[in-house]
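A short worksheet on the structure shown next.
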Amino acid sequence: MLLLWFWLALPAHLFNARTSFVITDKDGNLLNASIAPDGQWHFPYNADVPDKFVECITTFEDKRFFYHPGVDPMAIARAMTRNMRNKKVVSGGSTLTMQVVRLYKKNDSRNIWNKLCETILALRVEFSYNKKQILALYAANAPFGSNVVGLDAASWRYFGRAPDKLSWGEMASLAVLPNAPSLVHPGKNRDELLRKRNELLDKLVKNKVIDATTGSLAKLEPLPGNPKPLPQLALHLFNRFKKDYPALKSNDVSLTTEIQTTININLQQQVNDIIFQHHEQLKGNQINNAAAMVVDVESGNILAYVGNVYIPSDTSIESDVDVLASHRSPGSTLKPLLYASLLTEGTMLPQQLVPDIPTQLGGYAPANFDLGYDGAVPANRALSRSLNIPAVRMLMQFKYQKFYDVLKQCGITTLNRPANTYGMSLVLGGCEISPYELAGVYSSMARMYNHQGKNNGKWNQKDWFMPGYVTKEGRKVTDKNVPSTQLFDYPSLWHTFTAMNEVMRPGEEGLWGSFSSAQHIAWKTGTSFGFRDGWAVGFTPKYCVIVWVGNTTGEGRPDLTGISTAAPVLFDIFRLLPASNWFQPPASGYVYMPVCHESGFKAGPDCTTIDTILVSSRAVNAPVCPYHRVIHLDKTGAYRVTENCILPSEMVHRSWFVLPPTIEYYYKQKHTGYQSLPPFMAGCTNETLKPLDIIYPENDAKIYIPLELSGDRGRTVFTATDRNKNAKIFWHLDDTYIGVTTQFHQMALNPSPGKHTLTIVDENGESVVRNFEILQKEADDK
C-alpha cells in the first residue's frame, strides 16, 4: 500500500502553470514573447540547460547533485548543525530535487512536516526523471526576482540574450537569484547580490571550473539592472501563432506555448527595415500601411513575415492589423492564373492576338489603366503590360465560372460567394484574397514546375500547399482545397513565367535585361479599384515574395498603385536574397507548332511569315489564324479587283493581314507598319469584308451619363470606323438624322434616358445598327 502511495504521489506532469507565448527563429533566436496570463514572464519548459548554468547552480545550491538520490544526508546534517549553532534556521539543506518539489507544491512554509514531505517526494522525483530533466524542471520554474520565472525569461529580461550566450559573470548572477529572488530590485540589495555572485565565482575558480583570470574578469561585469524589453521582431506572426495555437495543440498535444519557426532572423530584421523605410516615404501621401512575406519555394517555409509596419506609438495607423492575413482586393494579380489556364486548356496560344477595344458587358465596361486601346495585343504582352480589356476578353473565352473553380482549387479560401456574384470582374480584382494565400499559390506554381523532372512530368498534388511558419514536418495539418487534378501543365507554366519576367521593372526603363548580373524574376503587380491596394508578387525557382501597400482603413490615395508603391519594395527585398538560375524549359508535355508571326494563332495556309514555338500538347486543336486571307489585286497592286471587272489571268493574288474594322481602327494607330486593305478599283464593288462598324457603343450597352460641374447632363461620344479613310458616315438616332462625319467619325450626343437605336450609313449604302440604353440614376442624381 505504501509502495502504491509512493508511486502515485506525483502527477504525470509536475508543472501546469500557463506560460508565456514565445516564438523563435529557425536557429532558436528569440523573435517575440508575451507575459503569461498570471502576469509572470514565464517561458515554457526547455530541456536544454546551458552547461554554465549547470556548473553555477550545482556549485551554489547542490554540489553533490549528480551523486545523491534526491536527498543529501550530508547537507541535511550540516544544515541541522548550523541551525542549532545559530539557534534559528539559516540553512535548509535542500537539494535541487527537493527545491523542484517545493516549486511544484508551491509551499514556502519551512517546517519539519514539509521538509519530510519534500524528502519523500524528492526520492519519488528521482525515479521518474533523470538528473538532466530535473535540472531543466528547476531552470524552467525557479523564481528569478520581480515577475520573472525560469532561466530563459530571466536571461532575456535581465541581459537581453539567450541563456547560452551569457558570460560566466552573468550566469553566476542568475544562479544566486532563486535562493533569494528579492535581491534583484534596482537600487536595493545590490551589495548582497554582488557578494553572493562573487563568492560563487570564487568557488568556480577553486573547483577549477574556470581559471583565475576568467573569474577576475567576471567579477568586473555589471549586475543586472532594470528589466530589458524583449525583442518584437515578428509581432504579427507572433499574434498569428497565438490565434493558431488551439488548432495546433489539437494536432500535437505535446506542443507548448513556445514554437521554433522557420523565420530567418537576419532576413526578418532586414525586411522590417525595408518596410519601415518605404513607410517613411509613403506616409507623405497618407499611405500608412505595408506588409511583406518571403517564402522558400522548395519547402514552403516562411523566411520573413512582416504583417504591417509596426509603430506602437502611433495607434492611428492601425499597425496591429496583420495585412498578410487580411482579405483585400487583389487587383490584377490573378491575371497570370487565367493566362496559364487558357494555355493549359489549349484554346489559346502564348502570343495569340487578343482584342483590345472598347468593351461593354451589360452595365460593366472594363478599361485599361491608361484608358487607351491597342486594337489587338499578343496575349503574353497583354499579361506583361497588365491590360484589363484583353484580360476580360480572355475571361469571356475561358468563362468566369471555370476560372472561379480554378481559384478555389488553387487554395484560395476567400471566395465565399457564388461565381455569378463576381462575374467578369473576378480577373480584375473584383474579389478578396489574403496576401498569404496569394503567395501560397505562386510559390506552389514554382515548386510544381521545379519538380516536373522528379515527378516524371506528372502532377503531384503533394507539391501544392500553403506556406508555413513551422517546418512542413511539424505542421501536421493537411491543407484544404489541394487540387486533386492538374490545374496547369508545364509548358503553360513556362510561358506564364516568361511573360511575367518580361514586365518592365520600376525605375529601370526596361533596361534591366541588358545586365548579365540582373536576376530573372517572374512578377506581377496589382492595383485595386479606387487606388486602395497596391500589390506586387514575384518569384524565382528558389524564393517567392509578396508585398502589399495601402491603408488598412480602406482609404484610397492618388498614385497608390502596385507599380509605384509595392514593386519598389519587392525588388528591394529580392536584392537581399541569393540569386538563382531561371526556370529550365519544360521537359515533357509539349509540341512544336507553326504559328502565324503577325497574329500568334496557329498558322493557316494563307499566313506568310511562320514561327515555330513550343506549346502545350493540348494546343494541337487551337484555332487557325482568322486574319490572313488571299485578296485579288490589279497588276499595279494598288487596287483590289474582282472577276466582275478584270480577268482572273490578270489578277495578282496576295495574302493580306486583315483585322476587323473596330480592331483595325485602334491597331493601326499603334502599329505604323500595318497596311490597310487597298481600295477597290472603280466598278469592282463585290466587298465580302465588313467595311463599316460602330466602335462605341456595343450592342445592348447600358450607359450612364454623369452630370457636368454646371449641373447639366453631360454628353457621351459615339465612335465609328470605315475602311475607306475618306468615307462619309451619316448618323441617325432613333431614325432621326443627326449629322455626317468625314475621316474622324465621332459624334457627341445627349440622348434622353431610355432605350435608343443608333444607325450609321456610308456612301455605298452599308449600314450598322446598335441598340443601347441610357440609364437614369436615382432621379437624375438628385
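Residues are named by chain letter and number: chains run A, B, ... in the order of the C-alpha cells, numbers start at 1 in each chain, and ligands are numbered from 1 in the order shown.
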Quiz item: Could you name the residues that touch segment 146-162 of chain A at 8 Å or less, counting only C-alpha atoms, but leaving out those on the same chain fewer than 4 positions away, as a ChimeraX atom specification?
Solution: /A:29-30,39-43,138-142,166,170,174,181-182,184-185,224-230
Exercise. Write out as a PyMOL selection string all residues of segment 223-427 of chain A that DSSP puts in alpha helix (DSSP H) for this structure's backbone.
Key: chain A and resi 235-251+265-282+335-345+379-384+388-398+400-410
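Looking only at segment 116-313 of chain A, the set that DSSP places in strand (DSSP E) from backbone geometry is Val148, Val149, Glu258, Ile259, Gln260, Asn289, Ala290, Ala291, Ala292, Met293, Val294, Val295, Asp296, Ile302, Leu303, Ala304, Tyr305 and Val306 of chain A.
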Quiz item: Could you name the residues that touch Gly739 of chain A at 9 Å or less, counting only C-alpha atoms, but leaving out those on the same chain fewer than 4 positions away, as a list of chain:residue names?
Solution: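 These residues fall inside the cut-off: A:Ile729, A:Phe730, A:Trp731, A:His732, A:Met747.
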Selection from above, N, CA and C atoms, as a PDB file, in the first residue's frame, can you write it?
ATOM      1  N   ILE A 729     -19.837  59.191 -93.253  1.00  0.00           N
ATOM      2  CA  ILE A 729     -20.776  58.364 -92.499  1.00  0.00           C
ATOM      3  C   ILE A 729     -21.926  59.248 -92.038  1.00  0.00           C
ATOM      4  N   PHE A 730     -23.138  58.775 -92.287  1.00  0.00           N
ATOM      5  CA  PHE A 730     -24.342  59.524 -91.935  1.00  0.00           C
ATOM      6  C   PHE A 730     -24.944  58.887 -90.679  1.00  0.00           C
ATOM      7  N   TRP A 731     -25.214  59.713 -89.665  1.00  0.00           N
ATOM      8  CA  TRP A 731     -25.629  59.233 -88.353  1.00  0.00           C
ATOM      9  C   TRP A 731     -27.125  59.466 -88.138  1.00  0.00           C
ATOM     10  N   HIS A 732     -27.787  58.469 -87.546  1.00  0.00           N
ATOM     11  CA  HIS A 732     -29.211  58.566 -87.242  1.00  0.00           C
ATOM     12  C   HIS A 732     -29.445  58.037 -85.837  1.00  0.00           C
ATOM     13  N   MET A 747     -19.322  61.290 -82.718  1.00  0.00           N
ATOM     14  CA  MET A 747     -20.488  62.150 -82.585  1.00  0.00           C
ATOM     15  C   MET A 747     -20.838  62.227 -81.098  1.00  0.00           C
TER      16      MET A 747
END
Val591 of chain A: which residues within 6 Å, counting only C-alpha atoms, same-chain residues fewer than 3 positions away excluded, as a tab-separated table (two decimals) with C-alpha atoms, in the first residue's frame?
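This is the output file out08.tsv:
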chain	number	residue	atom	x	y	z
A	614	LEU	CA	6.93	25.36	-78.02
A	615	VAL	CA	3.34	24.98	-76.85
A	617	SER	CA	0.49	19.34	-76.43
Quiz item: What does the distance between atom CA of Phe529 of chain A and atom CA of Leu371 of chain A come to in Å, to one decimal place?
Solution: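 Straight-line distance from atom CA of Phe529 of chain A to atom CA of Leu371 of chain A works out to 14.1 Å.
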Quiz prompt | Asn581 of chain A surroundings by only C-alpha atoms, 10 Å radius, close-in-sequence under 2 positions cut, as a list in words | solution =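 Surrounding residues, per the criterion: Gln519, His520, Ile521, Thr540, Pro541, Lys542, Ala579, Phe583 and Gln584 of chain A.
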Next, write the just-selected residues to a file, as a tab-separated table (two decimals), in the first residue's frame, keeping all heavy atoms as the atom set.
chain	number	residue	atom	x	y	z
A	519	GLN	N	18.93	39.61	-62.02
A	519	GLN	CA	18.24	38.38	-61.66
A	519	GLN	C	16.90	38.30	-62.39
A	519	GLN	O	16.14	39.25	-62.41
A	519	GLN	CB	18.03	38.32	-60.14
A	519	GLN	CG	17.35	37.03	-59.70
A	519	GLN	CD	17.26	36.89	-58.20
A	519	GLN	OE1	16.92	35.84	-57.68
A	519	GLN	NE2	17.56	37.95	-57.48
A	520	HIS	N	16.61	37.16	-62.95
A	520	HIS	CA	15.32	36.95	-63.60
A	520	HIS	C	14.27	36.67	-62.53
A	520	HIS	O	14.44	35.78	-61.70
A	520	HIS	CB	15.40	35.78	-64.58
A	520	HIS	CG	16.19	36.09	-65.82
A	520	HIS	ND1	15.62	36.59	-66.97
A	520	HIS	CD2	17.51	35.98	-66.08
A	520	HIS	CE1	16.55	36.78	-67.88
A	520	HIS	NE2	17.72	36.41	-67.37
A	521	ILE	N	13.19	37.43	-62.58
A	521	ILE	CA	12.11	37.31	-61.60
A	521	ILE	C	10.78	37.33	-62.35
A	521	ILE	O	10.53	38.22	-63.17
A	521	ILE	CB	12.14	38.46	-60.58
A	521	ILE	CG1	13.47	38.48	-59.82
A	521	ILE	CG2	10.97	38.35	-59.60
A	521	ILE	CD1	13.69	39.73	-58.99
A	540	THR	N	11.14	33.37	-58.02
A	540	THR	CA	12.20	32.71	-58.77
A	540	THR	C	12.08	31.22	-58.45
A	540	THR	O	11.21	30.82	-57.67
A	540	THR	CB	13.58	33.23	-58.34
A	540	THR	OG1	13.82	32.83	-56.98
A	540	THR	CG2	13.65	34.75	-58.45
A	541	PRO	N	12.93	30.38	-59.02
A	541	PRO	CA	12.86	28.97	-58.62
A	541	PRO	C	13.10	28.72	-57.13
A	541	PRO	O	12.74	27.66	-56.62
A	541	PRO	CB	13.95	28.32	-59.48
A	541	PRO	CG	14.04	29.18	-60.69
A	541	PRO	CD	13.82	30.57	-60.18
A	542	LYS	N	13.67	29.70	-56.43
A	542	LYS	CA	14.01	29.49	-55.01
A	542	LYS	C	13.13	30.27	-54.04
A	542	LYS	O	12.86	29.78	-52.94
A	542	LYS	CB	15.47	29.87	-54.76
A	542	LYS	CG	16.47	28.89	-55.34
A	542	LYS	CD	17.89	29.22	-54.89
A	542	LYS	CE	18.89	28.18	-55.38
A	542	LYS	NZ	20.27	28.51	-54.92
A	579	ALA	N	20.82	35.16	-55.53
A	579	ALA	CA	20.31	35.00	-56.90
A	579	ALA	C	20.18	33.52	-57.23
A	579	ALA	O	20.90	32.68	-56.69
A	579	ALA	CB	21.22	35.70	-57.89
A	583	PHE	N	14.10	29.35	-64.52
A	583	PHE	CA	13.46	28.06	-64.74
A	583	PHE	C	13.94	27.42	-66.05
A	583	PHE	O	14.09	28.10	-67.06
A	583	PHE	CB	11.94	28.24	-64.80
A	583	PHE	CG	11.32	28.74	-63.53
A	583	PHE	CD1	11.05	30.08	-63.35
A	583	PHE	CD2	11.02	27.86	-62.50
A	583	PHE	CE1	10.47	30.55	-62.17
A	583	PHE	CE2	10.44	28.30	-61.32
A	583	PHE	CZ	10.17	29.66	-61.15
A	584	GLN	N	14.17	26.12	-66.00
A	584	GLN	CA	14.55	25.38	-67.19
A	584	GLN	C	13.31	25.18	-68.08
A	584	GLN	O	12.18	25.11	-67.58
A	584	GLN	CB	15.13	24.03	-66.80
A	584	GLN	CG	16.45	24.13	-66.06
A	584	GLN	CD	17.54	24.76	-66.90
A	584	GLN	OE1	17.73	24.40	-68.07
A	584	GLN	NE2	18.26	25.72	-66.33
Practice problem: Mind giving me the straight-line distance from atom CA of Ile210 of chain A to atom CA of Lys196 of chain A in Å, one decimal? | Solution: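 Result for atom CA of Ile210 of chain A versus atom CA of Lys196 of chain A: 17.0 Å, one decimal.
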Practice problem: With a distance cut-off of 9 Å and only C-alpha atoms, select the neighbouring residues of Val309 of chain A, excluding the residue or stretch itself and same-chain residues fewer than 5 positions from it, and output the selection as a PyMOL selection string. | Solution: chain A and resi 272+275-276+279+288-291+317+319-320
Self-check item: Distance criterion (only C-alpha atoms): nearest to Pro222 of chain A out of A:Ser167, A:Ser616, A:Thr525, A:Thr552
Solution: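 Closest to Pro222 of chain A, using only C-alpha atoms: A:Ser167.
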Quick one: residues within 9 Å of Arg654 of chain A, only C-alpha atoms counted, chain neighbours fewer than 3 positions away excluded, as an mmCIF file with all heavy atoms, in the first residue's frame?
data_model
loop_
_atom_site.group_PDB
_atom_site.id
_atom_site.type_symbol
_atom_site.label_atom_id
_atom_site.label_comp_id
_atom_site.auth_asym_id
_atom_site.auth_seq_id
_atom_site.Cartn_x
_atom_site.Cartn_y
_atom_site.Cartn_z
ATOM 1 N N ASP A 606 -2.809 30.615 -95.440
ATOM 2 C CA ASP A 606 -2.589 31.931 -96.033
ATOM 3 C C ASP A 606 -1.565 32.762 -95.263
ATOM 4 O O ASP A 606 -1.270 33.891 -95.656
ATOM 5 C CB ASP A 606 -3.908 32.693 -96.112
ATOM 6 C CG ASP A 606 -4.916 31.997 -97.013
ATOM 7 O OD1 ASP A 606 -4.484 31.350 -97.982
ATOM 8 O OD2 ASP A 606 -6.128 32.079 -96.725
ATOM 9 N N ARG A 629 -5.965 36.362 -95.249
ATOM 10 C CA ARG A 629 -6.823 35.927 -96.350
ATOM 11 C C ARG A 629 -6.189 36.368 -97.665
ATOM 12 O O ARG A 629 -5.406 37.324 -97.718
ATOM 13 C CB ARG A 629 -8.230 36.504 -96.238
ATOM 14 C CG ARG A 629 -8.277 38.009 -96.105
ATOM 15 C CD ARG A 629 -9.630 38.569 -96.393
ATOM 16 N NE ARG A 629 -9.963 38.402 -97.797
ATOM 17 C CZ ARG A 629 -11.087 38.856 -98.351
ATOM 18 N NH1 ARG A 629 -11.985 39.476 -97.600
ATOM 19 N NH2 ARG A 629 -11.341 38.674 -99.629
ATOM 20 N N VAL A 630 -6.496 35.645 -98.708
ATOM 21 C CA VAL A 630 -5.968 35.982 -100.027
ATOM 22 C C VAL A 630 -6.882 37.022 -100.671
ATOM 23 O O VAL A 630 -8.106 36.844 -100.713
ATOM 24 C CB VAL A 630 -5.870 34.732 -100.921
ATOM 25 C CG1 VAL A 630 -5.458 35.121 -102.345
ATOM 26 C CG2 VAL A 630 -4.868 33.742 -100.338
ATOM 27 N N ILE A 631 -6.281 38.105 -101.136
ATOM 28 C CA ILE A 631 -7.044 39.127 -101.849
ATOM 29 C C ILE A 631 -6.527 39.201 -103.284
ATOM 30 O O ILE A 631 -5.421 38.747 -103.600
ATOM 31 C CB ILE A 631 -6.934 40.510 -101.169
ATOM 32 C CG1 ILE A 631 -5.479 41.000 -101.171
ATOM 33 C CG2 ILE A 631 -7.488 40.466 -99.751
ATOM 34 C CD1 ILE A 631 -5.332 42.431 -100.687
ATOM 35 N N HIS A 632 -7.341 39.785 -104.143
ATOM 36 C CA HIS A 632 -7.026 39.866 -105.569
ATOM 37 C C HIS A 632 -6.758 41.325 -105.930
ATOM 38 O O HIS A 632 -7.588 42.204 -105.673
ATOM 39 C CB HIS A 632 -8.178 39.316 -106.411
ATOM 40 C CG HIS A 632 -8.660 37.974 -105.913
ATOM 41 N ND1 HIS A 632 -7.871 36.849 -105.927
ATOM 42 C CD2 HIS A 632 -9.862 37.590 -105.383
ATOM 43 C CE1 HIS A 632 -8.547 35.831 -105.438
ATOM 44 N NE2 HIS A 632 -9.769 36.253 -105.092
ATOM 45 N N LEU A 633 -5.582 41.569 -106.523
ATOM 46 C CA LEU A 633 -5.163 42.931 -106.866
ATOM 47 C C LEU A 633 -4.959 43.045 -108.371
ATOM 48 O O LEU A 633 -4.765 42.044 -109.084
ATOM 49 C CB LEU A 633 -3.862 43.273 -106.148
ATOM 50 C CG LEU A 633 -3.845 43.137 -104.618
ATOM 51 C CD1 LEU A 633 -2.437 43.358 -104.082
ATOM 52 C CD2 LEU A 633 -4.818 44.126 -103.985
#
Quiz item: What gap, in Å, lies between atom CA of Asn644 of chain A and atom CA of Pro626 of chain A?
Solution: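 If I compute the distance from atom CA of Asn644 of chain A to atom CA of Pro626 of chain A, I get 26.0 Å.
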